[in-house]
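The next block is final-v5.pdb, given as PDB, C-alpha atoms.
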```pdb
ATOM      1  CA  MET A1172       1.310  19.105  16.439
ATOM      2  CA  THR A1173       3.142  20.506  13.458
ATOM      3  CA  ASP A1174       3.605  18.770  10.135
ATOM      4  CA  ASP A1175       7.160  17.816  11.151
ATOM      5  CA  GLY A1176       6.062  16.081  14.326
ATOM      6  CA  PRO A1177       6.502  16.866  18.032
ATOM      7  CA  PRO A1178       9.603  18.484  19.525
ATOM      8  CA  PRO A1179      12.920  16.615  19.822
ATOM      9  CA  GLY A1180      12.272  15.538  23.398
ATOM     10  CA  ASP A1181       9.391  13.338  22.253
ATOM     11  CA  ARG A1182      11.284  11.831  19.317
ATOM     12  CA  PRO A1183      11.829   8.236  20.602
ATOM     13  CA  THR A1184       8.093   7.788  21.254
ATOM     14  CA  VAL A1185       7.122   9.376  17.946
ATOM     15  CA  ASN A1186       9.624   7.274  16.012
ATOM     16  CA  SER A1187       8.197   4.090  17.519
ATOM     17  CA  LEU A1188       4.651   5.234  16.846
ATOM     18  CA  THR A1189       5.440   6.044  13.209
ATOM     19  CA  THR A1190       6.771   2.539  12.588
ATOM     20  CA  TRP A1191       3.880   1.040  14.538
ATOM     21  CA  TYR A1192       1.318   2.860  12.375
ATOM     22  CA  VAL A1193       3.004   1.711   9.165
ATOM     23  CA  ALA A1194       3.255  -1.894  10.360
ATOM     24  CA  LEU A1195      -0.330  -1.912  11.604
ATOM     25  CA  SER A1196      -1.551  -0.468   8.292
ATOM     26  CA  GLN A1197      -0.048  -3.384   6.369
ATOM     27  CA  VAL A1198      -1.005  -6.075   8.878
ATOM     28  CA  GLY A1199      -4.563  -4.737   8.942
ATOM     29  CA  PHE A1200      -4.700  -4.684   5.157
ATOM     30  CA  ALA A1201      -3.571  -8.326   4.962
ATOM     31  CA  PHE A1202      -5.859  -9.427   7.816
ATOM     32  CA  PHE A1203      -9.071  -7.957   6.432
ATOM     33  CA  LEU A1204      -8.227  -9.058   2.889
ATOM     34  CA  ALA A1205      -7.700 -12.600   4.203
ATOM     35  CA  ILE A1206     -11.184 -12.413   5.731
ATOM     36  CA  CYS A1207     -12.568 -11.450   2.302
ATOM     37  CA  VAL A1208     -10.863 -14.447   0.679
ATOM     38  CA  ALA A1209     -12.097 -16.775   3.428
ATOM     39  CA  ILE A1210     -15.679 -15.554   2.964
ATOM     40  CA  HIS A1211     -15.683 -15.760  -0.831
ATOM     41  CA  PRO A1212     -12.562 -17.446  -2.262
ATOM     42  CA  GLY A1213     -14.200 -18.033  -5.637
ATOM     43  CA  LEU A1214     -13.973 -14.342  -6.556
ATOM     44  CA  VAL A1215     -10.206 -14.460  -6.925
ATOM     45  CA  LEU A1216      -9.011 -18.066  -6.619
ATOM     46  CA  LYS A1217      -9.960 -19.385 -10.035
ATOM     47  CA  VAL A1218      -8.379 -19.911 -13.442
ATOM     48  CA  ASN A1219      -9.521 -16.526 -14.768
ATOM     49  CA  GLU A1220      -8.605 -14.491 -11.708
ATOM     50  CA  GLY A1221     -10.436 -11.357 -10.730
ATOM     51  CA  GLY A1222      -8.857  -8.611  -8.666
ATOM     52  CA  MET A1223      -9.345  -7.782  -5.010
ATOM     53  CA  SER A1224     -11.745  -4.989  -5.956
ATOM     54  CA  ASN A1225     -14.411  -7.657  -6.544
ATOM     55  CA  TYR A1226     -14.717  -7.853  -2.781
ATOM     56  CA  GLY A1227     -15.781  -4.218  -2.613
ATOM     57  CA  VAL A1228     -18.888  -4.727  -4.735
ATOM     58  CA  HIS A1229     -20.265  -7.788  -2.929
ATOM     59  CA  VAL A1230     -22.402  -7.207   0.141
ATOM     60  CA  LYS A1231     -20.898  -9.935   2.322
ATOM     61  CA  THR A1232     -17.297  -8.797   1.746
ATOM     62  CA  ALA A1233     -17.763  -5.027   1.351
ATOM     63  CA  VAL A1234     -17.160  -4.305   5.057
ATOM     64  CA  PRO A1235     -13.850  -6.196   5.474
ATOM     65  CA  TYR A1236     -12.704  -4.865   2.085
ATOM     66  CA  THR A1237     -13.437  -1.317   3.213
ATOM     67  CA  LEU A1238     -11.625  -1.915   6.493
ATOM     68  CA  ALA A1239      -8.624  -3.361   4.623
ATOM     69  CA  LEU A1240      -8.077  -0.373   2.362
ATOM     70  CA  GLY A1241      -9.459   2.237   4.741
ATOM     71  CA  SER A1242      -7.181   1.239   7.607
ATOM     72  CA  ALA A1243      -4.162   1.085   5.291
ATOM     73  CA  ALA A1244      -4.862   4.569   3.942
ATOM     74  CA  GLY A1245      -5.664   6.146   7.309
ATOM     75  CA  LEU A1246      -2.822   4.672   9.330
ATOM     76  CA  THR A1247      -0.239   5.378   6.626
ATOM     77  CA  TYR A1248      -1.364   8.993   6.428
ATOM     78  CA  ALA A1249      -1.099   9.258  10.213
ATOM     79  CA  ALA A1250       2.442   7.871  10.015
ATOM     80  CA  ALA A1251       3.337  10.428   7.343
ATOM     81  CA  ARG A1252       2.196  13.262   9.607
ATOM     82  CA  LEU A1253       4.481  12.014  12.362
ATOM     83  CA  MET A1254       7.530  11.579  10.111
ATOM     84  CA  ARG A1255      10.041  14.373  10.700
ATOM     85  CA  ARG A1256      11.543  15.962   7.557
ATOM     86  CA  THR A1257      15.042  16.390   8.951
ATOM     87  CA  THR A1258      16.932  14.628   6.144
ATOM     88  CA  SER A1259      16.425  14.190   2.412
ATOM     89  CA  PRO A1260      15.548  10.461   2.694
ATOM     90  CA  ARG A1261      12.995  11.259   5.372
ATOM     91  CA  ARG A1262      11.413  13.971   3.221
ATOM     92  CA  HIS A1263      11.172  11.570   0.300
ATOM     93  CA  PHE A1264       9.749   8.830   2.498
ATOM     94  CA  LYS A1265       7.147  11.211   3.888
ATOM     95  CA  VAL A1266       5.998  11.930   0.318
ATOM     96  CA  LEU A1267       6.021   8.192  -0.412
ATOM     97  CA  LEU A1268       3.763   7.493   2.573
ATOM     98  CA  ARG A1269       1.333  10.243   1.654
ATOM     99  CA  THR A1270       1.182   9.177  -1.991
ATOM    100  CA  TYR A1271       0.500   5.571  -1.030
ATOM    101  CA  SER A1272      -2.200   6.709   1.391
ATOM    102  CA  TRP A1273      -4.027   8.772  -1.236
ATOM    103  CA  LEU A1274      -3.735   6.113  -3.954
ATOM    104  CA  THR A1275      -5.106   3.483  -1.571
ATOM    105  CA  LEU A1276      -8.008   5.757  -0.655
ATOM    106  CA  LEU A1277      -8.718   6.429  -4.340
ATOM    107  CA  THR A1278      -8.664   2.687  -5.006
ATOM    108  CA  LEU A1279     -11.258   2.220  -2.281
ATOM    109  CA  LEU A1280     -13.508   5.067  -3.406
ATOM    110  CA  THR A1281     -13.457   4.085  -7.076
ATOM    111  CA  THR A1282     -14.251   0.465  -6.258
ATOM    112  CA  TYR A1283     -17.862   0.899  -5.239
ATOM    113  CA  GLY A1284     -19.188   2.105  -8.574
ATOM    114  CA  TYR A1285     -16.771   0.586 -11.077
ATOM    115  CA  THR A1286     -19.245  -2.086 -12.213
ATOM    116  CA  LEU A1287     -21.967   0.467 -13.020
ATOM    117  CA  ASN A1288     -20.607   1.811 -16.313
ATOM    118  CA  ALA A1289     -17.529   1.958 -18.540
ATOM    119  CA  PRO A1290     -16.228   5.423 -17.490
ATOM    120  CA  LEU A1291     -16.222   4.471 -13.791
ATOM    121  CA  LYS A1292     -14.489   1.199 -14.646
ATOM    122  CA  TYR A1293     -11.805   3.032 -16.634
ATOM    123  CA  VAL A1294     -11.172   5.399 -13.722
ATOM    124  CA  HIS A1295     -10.833   2.485 -11.318
ATOM    125  CA  VAL A1296      -8.511   0.595 -13.661
ATOM    126  CA  ALA A1297      -6.370   3.724 -14.106
ATOM    127  CA  VAL A1298      -6.037   4.081 -10.328
ATOM    128  CA  GLY A1299      -5.184   0.383 -10.059
ATOM    129  CA  VAL A1300      -2.443   0.725 -12.667
ATOM    130  CA  ALA A1301      -1.143   3.842 -10.922
ATOM    131  CA  ILE A1302      -0.829   2.172  -7.533
ATOM    132  CA  ILE A1303       0.978  -0.896  -8.906
ATOM    133  CA  VAL A1304       3.434   1.270 -10.845
ATOM    134  CA  PHE A1305       3.895   3.495  -7.793
ATOM    135  CA  GLU A1306       4.533   0.541  -5.481
ATOM    136  CA  SER A1307       7.129  -0.813  -7.901
ATOM    137  CA  ALA A1308       8.950   2.508  -8.266
ATOM    138  CA  ALA A1309       8.761   3.091  -4.507
ATOM    139  CA  SER A1310      10.094  -0.424  -3.875
ATOM    140  CA  LEU A1311      13.150   0.328  -6.020
ATOM    141  CA  TRP A1312      13.777   3.508  -4.024
ATOM    142  CA  MET A1313      13.337   1.711  -0.688
ATOM    143  CA  TYR A1314      15.643  -1.105  -1.780
ATOM    144  CA  ARG A1315      18.337   1.471  -2.517
ATOM    145  CA  ALA A1316      17.736   3.169   0.841
ATOM    146  CA  LEU A1317      17.993  -0.152   2.706
ATOM    147  CA  GLY A1318      20.788  -1.683   0.660
ATOM    148  CA  SER A1319      19.231  -5.105   1.289
ATOM    149  CA  LEU A1320      16.151  -7.283   0.650
ATOM    150  CA  GLY A1321      16.996  -7.926  -2.987
ATOM    151  CA  ALA A1322      14.891 -11.112  -2.950
ATOM    152  CA  VAL A1323      11.861  -9.130  -1.799
ATOM    153  CA  LEU A1324      12.407  -6.609  -4.580
ATOM    154  CA  SER A1325      12.596  -9.485  -7.084
ATOM    155  CA  VAL A1326       9.197 -10.728  -5.910
ATOM    156  CA  GLN A1327       7.803  -7.227  -6.260
ATOM    157  CA  LEU A1328       9.073  -6.906  -9.827
ATOM    158  CA  LEU A1329       7.745 -10.384 -10.663
ATOM    159  CA  GLY A1330       4.331  -9.196  -9.528
ATOM    160  CA  LEU A1331       4.690  -6.113 -11.720
ATOM    161  CA  GLY A1332       5.488  -8.330 -14.702
ATOM    162  CA  LEU A1333       2.444 -10.522 -14.053
ATOM    163  CA  ALA A1334       0.285  -7.417 -13.710
ATOM    164  CA  ALA A1335       1.524  -6.096 -17.065
ATOM    165  CA  LEU A1336       0.867  -9.413 -18.804
ATOM    166  CA  THR A1337      -2.605  -9.538 -17.248
ATOM    167  CA  PHE A1338      -3.352  -5.964 -18.299
ATOM    168  CA  PHE A1339      -2.498  -6.782 -21.921
ATOM    169  CA  GLY A1340      -4.475 -10.036 -21.866
ATOM    170  CA  ALA A1341      -1.599 -12.523 -22.065
ATOM    171  CA  LEU A1342      -2.362 -13.922 -18.583
ATOM    172  CA  HIS A1343      -5.210 -13.764 -16.077
ATOM    173  CA  GLU A1344      -3.325 -13.507 -12.793
ATOM    174  CA  LEU A1345      -4.580 -10.201 -11.413
ATOM    175  CA  PHE A1346      -5.055 -11.225  -7.790
ATOM    176  CA  LEU A1347      -1.717 -13.038  -7.672
ATOM    177  CA  SER A1348       0.058  -9.998  -9.116
ATOM    178  CA  GLN A1349      -1.616  -7.776  -6.527
ATOM    179  CA  ILE A1350      -0.555 -10.080  -3.691
ATOM    180  CA  LEU A1351       3.042 -10.248  -4.907
ATOM    181  CA  THR A1352       3.459  -6.520  -5.512
ATOM    182  CA  GLY A1353       1.544  -5.483  -2.399
ATOM    183  CA  GLY A1354       3.155  -8.035  -0.078
ATOM    184  CA  ALA A1355       6.710  -7.219  -1.158
ATOM    185  CA  PHE A1356       5.946  -3.493  -0.974
ATOM    186  CA  ALA A1357       4.632  -3.936   2.580
ATOM    187  CA  ILE A1358       7.832  -5.648   3.749
ATOM    188  CA  LEU A1359      10.019  -2.956   2.207
ATOM    189  CA  LEU A1360       7.778  -0.213   3.595
ATOM    190  CA  ILE A1361       7.977  -1.452   7.173
ATOM    191  CA  ARG A1362      11.740  -2.049   7.047
ATOM    192  CA  THR A1363      12.387   1.381   5.492
ATOM    193  CA  CYS A1364      10.228   3.067   8.097
ATOM    194  CA  ARG A1365      12.152   1.331  10.881
ATOM    195  CA  LEU A1366      15.395   2.614   9.361
ATOM    196  CA  LEU A1367      14.362   6.190   8.633
ATOM    197  CA  ALA A1368      12.289   6.691  11.769
ATOM    198  CA  SER A1369      15.219   5.687  13.937
ATOM    199  CA  PRO A1370      16.487   8.614  16.065
ATOM    200  CA  LEU A1371      20.002   7.625  14.969
ATOM    201  CA  GLU A1372      19.166   8.288  11.309
ATOM    202  CA  GLY A1373      19.813  12.013  11.185
ATOM    203  CA  SER A1374      17.724  14.404  13.255
TER     204      SER A1374
END
```
Encoded form using structure tokens:
Amino acid sequence: MTDDGPPPGDRPTVNSLTTWYVALSQVGFAFFLAICVAIHPGLVLKVNEGGMSNYGVHVKTAVPYTLALGSAAGLTYAAARLMRRTTSPRRHFKVLLRTYSWLTLLTLLTTYGYTLNAPLKYVHVAVGVAIIVFESAASLWMYRALGSLGAVLSVQLLGLGLAALTFFGALHELFLSQILTGGAFAILLIRTCRLLASPLEGS
């Protein structure tokens, strides 16, 4: 298989598989994260909210947390490999998928040691900031590509605002901001993939 996917004759199957991988990556992320919350809701559902990374440093939630981020990163990267670069939007979306995959993997890898010392914590926080900013910028691009889902974009930007206020200490709504930005991003990601992976969208 080349980087641009299988030959034209296989395109309908590949297009469906690309969208399926992207959808499964986001559903899996939400499913395993929900398991983490069910096991230990007190880590994030409190007045002074922690972030989802807390689940990666606790023994009883480390496995579902790893599956949440690991499946999202792996399946999105697989989808990016299948995406054909036949139009400019598709090329940009392929980069978007790969960037999200790598940032998610970096989030996972920097989670495990971030409580050990300040430098590791700073690295993890920097990756966390990067992925939220990336998801917001990518959401704006996907909204323009779709020409719809303005309400979803508004939720995404609300999450970004909450994340910024939390970062600067004005609020303590980290988990909520992650859910809003990540959830809205997931909806836009799946819808954009369905549009751009369609065989009718330039080939």
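For the residues A:Gly1199, A:Gly1318, A:Gly1213, A:Gly1284, ranking by smallest atom-to-atom distance to Ser1242 in chain A using all atoms listed in the file places A:Gly1199 first.
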Problem set entry | Which of A:Leu1279, A:Phe1346, A:Thr1190, A:Lys1265 sits closest to Leu1366 in chain A [using only C-alpha atoms] |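 Nearest to Leu1366 in chain A: A:Thr1190.
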Problem set entry | Picked residues, the PyMOL selection byres ((chain A and resi 1357) around 10), expected as a ChimeraX atom specification | /A:1193-1194,1196-1198,1200-1201,1306,1310,1323,1327,1351-1356,1358-1363
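Take the candidates A:Ala1309, A:Leu1277, A:Leu1204, A:Leu1347 and check each one against His1295 in chain A using only C-alpha atoms; the shortest distance goes to A:Leu1277.
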Problem set entry | Best match for closeness to Val1300 in chain A among A:Ala1316, A:Thr1247, A:Leu1345, A:Ala1368, counting only C-alpha atoms |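 With only C-alpha atoms as the atom set, the closest residue is A:Leu1345.
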For this session: Compare A:Gly1241, A:Lys1292, A:Phe1202, A:Leu1333 by their minimum atom-to-atom distance to Thr1275 in chain A, counting all atoms listed in the file, and give me the closest one.
Result: A:Gly1241
Target residues per the PyMOL selection byres ((chain A and resi 1282) around 12), formatted as a PDB file with C-alpha atoms, keeping the file's coordinate frame:
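Once everything was written out, this is selection-v3.pdb:
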```pdb
ATOM      1  CA  GLY A1222      -8.857  -8.611  -8.666  1.00  0.00           C
ATOM      2  CA  MET A1223      -9.345  -7.782  -5.010  1.00  0.00           C
ATOM      3  CA  SER A1224     -11.745  -4.989  -5.956  1.00  0.00           C
ATOM      4  CA  ASN A1225     -14.411  -7.657  -6.544  1.00  0.00           C
ATOM      5  CA  TYR A1226     -14.717  -7.853  -2.781  1.00  0.00           C
ATOM      6  CA  GLY A1227     -15.781  -4.218  -2.613  1.00  0.00           C
ATOM      7  CA  VAL A1228     -18.888  -4.727  -4.735  1.00  0.00           C
ATOM      8  CA  HIS A1229     -20.265  -7.788  -2.929  1.00  0.00           C
ATOM      9  CA  ALA A1233     -17.763  -5.027   1.351  1.00  0.00           C
ATOM     10  CA  TYR A1236     -12.704  -4.865   2.085  1.00  0.00           C
ATOM     11  CA  THR A1237     -13.437  -1.317   3.213  1.00  0.00           C
ATOM     12  CA  LEU A1240      -8.077  -0.373   2.362  1.00  0.00           C
ATOM     13  CA  THR A1275      -5.106   3.483  -1.571  1.00  0.00           C
ATOM     14  CA  LEU A1276      -8.008   5.757  -0.655  1.00  0.00           C
ATOM     15  CA  LEU A1277      -8.718   6.429  -4.340  1.00  0.00           C
ATOM     16  CA  THR A1278      -8.664   2.687  -5.006  1.00  0.00           C
ATOM     17  CA  LEU A1279     -11.258   2.220  -2.281  1.00  0.00           C
ATOM     18  CA  LEU A1280     -13.508   5.067  -3.406  1.00  0.00           C
ATOM     19  CA  THR A1281     -13.457   4.085  -7.076  1.00  0.00           C
ATOM     20  CA  TYR A1283     -17.862   0.899  -5.239  1.00  0.00           C
ATOM     21  CA  GLY A1284     -19.188   2.105  -8.574  1.00  0.00           C
ATOM     22  CA  TYR A1285     -16.771   0.586 -11.077  1.00  0.00           C
ATOM     23  CA  THR A1286     -19.245  -2.086 -12.213  1.00  0.00           C
ATOM     24  CA  LEU A1287     -21.967   0.467 -13.020  1.00  0.00           C
ATOM     25  CA  ASN A1288     -20.607   1.811 -16.313  1.00  0.00           C
ATOM     26  CA  LEU A1291     -16.222   4.471 -13.791  1.00  0.00           C
ATOM     27  CA  LYS A1292     -14.489   1.199 -14.646  1.00  0.00           C
ATOM     28  CA  TYR A1293     -11.805   3.032 -16.634  1.00  0.00           C
ATOM     29  CA  VAL A1294     -11.172   5.399 -13.722  1.00  0.00           C
ATOM     30  CA  HIS A1295     -10.833   2.485 -11.318  1.00  0.00           C
ATOM     31  CA  VAL A1296      -8.511   0.595 -13.661  1.00  0.00           C
ATOM     32  CA  ALA A1297      -6.370   3.724 -14.106  1.00  0.00           C
ATOM     33  CA  VAL A1298      -6.037   4.081 -10.328  1.00  0.00           C
ATOM     34  CA  GLY A1299      -5.184   0.383 -10.059  1.00  0.00           C
TER      35      GLY A1299
END
```
Problem set entry | Nearest to Ala1250 in chain A by atom-to-atom distance, counting only C-alpha atoms, from A:Ser1319, A:Thr1337, A:Ser1272, A:Thr1232 |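 Once distances to Ala1250 in chain A are computed over only C-alpha atoms, the minimum belongs to A:Ser1272.
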For this session: Between CA of Ser1369 in chain A and CA of Thr1270 in chain A, measure the distance and give it in Å to one decimal.
Result: 21.5 Å
Exercise. Expanded to explicit residues, what is the PyMOL selection byres ((chain A and resi 1264) around 9) for this file, as an NGL selection string?
Worked result: :A and (1251 or 1254 or 1256 or 1259-1263 or 1265-1269 or 1313 or 1363-1364 or 1367)
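Put simply, CA of Phe1203 in chain A is 5.0 Å away from CA of Ala1239 in chain A.
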Exercise. Just how far from CA of Leu1328 in chain A is CA of Trp1312 in chain A, in Å to one decimal?
Worked result: 12.8 Å
Problem set entry | All residues 8 Å or closer to Ala1334 in chain A, all atoms listed in the file, same chain fewer than 4 positions away omitted, as JSON, numbers by chain | {"A": [1330, 1338, 1344, 1345, 1348, 1349]}
Return as lines of an AutoDock Vina configuration file the box centre and box size in Å, one decimal, for an axis-aligned box around all listed atoms of range 1196-1213 of chain A padded by 4 Å per side.
```
center_x = -7.9
center_y = -9.3
center_z = 1.7
size_x = 23.6
size_y = 25.6
size_z = 22.6
```
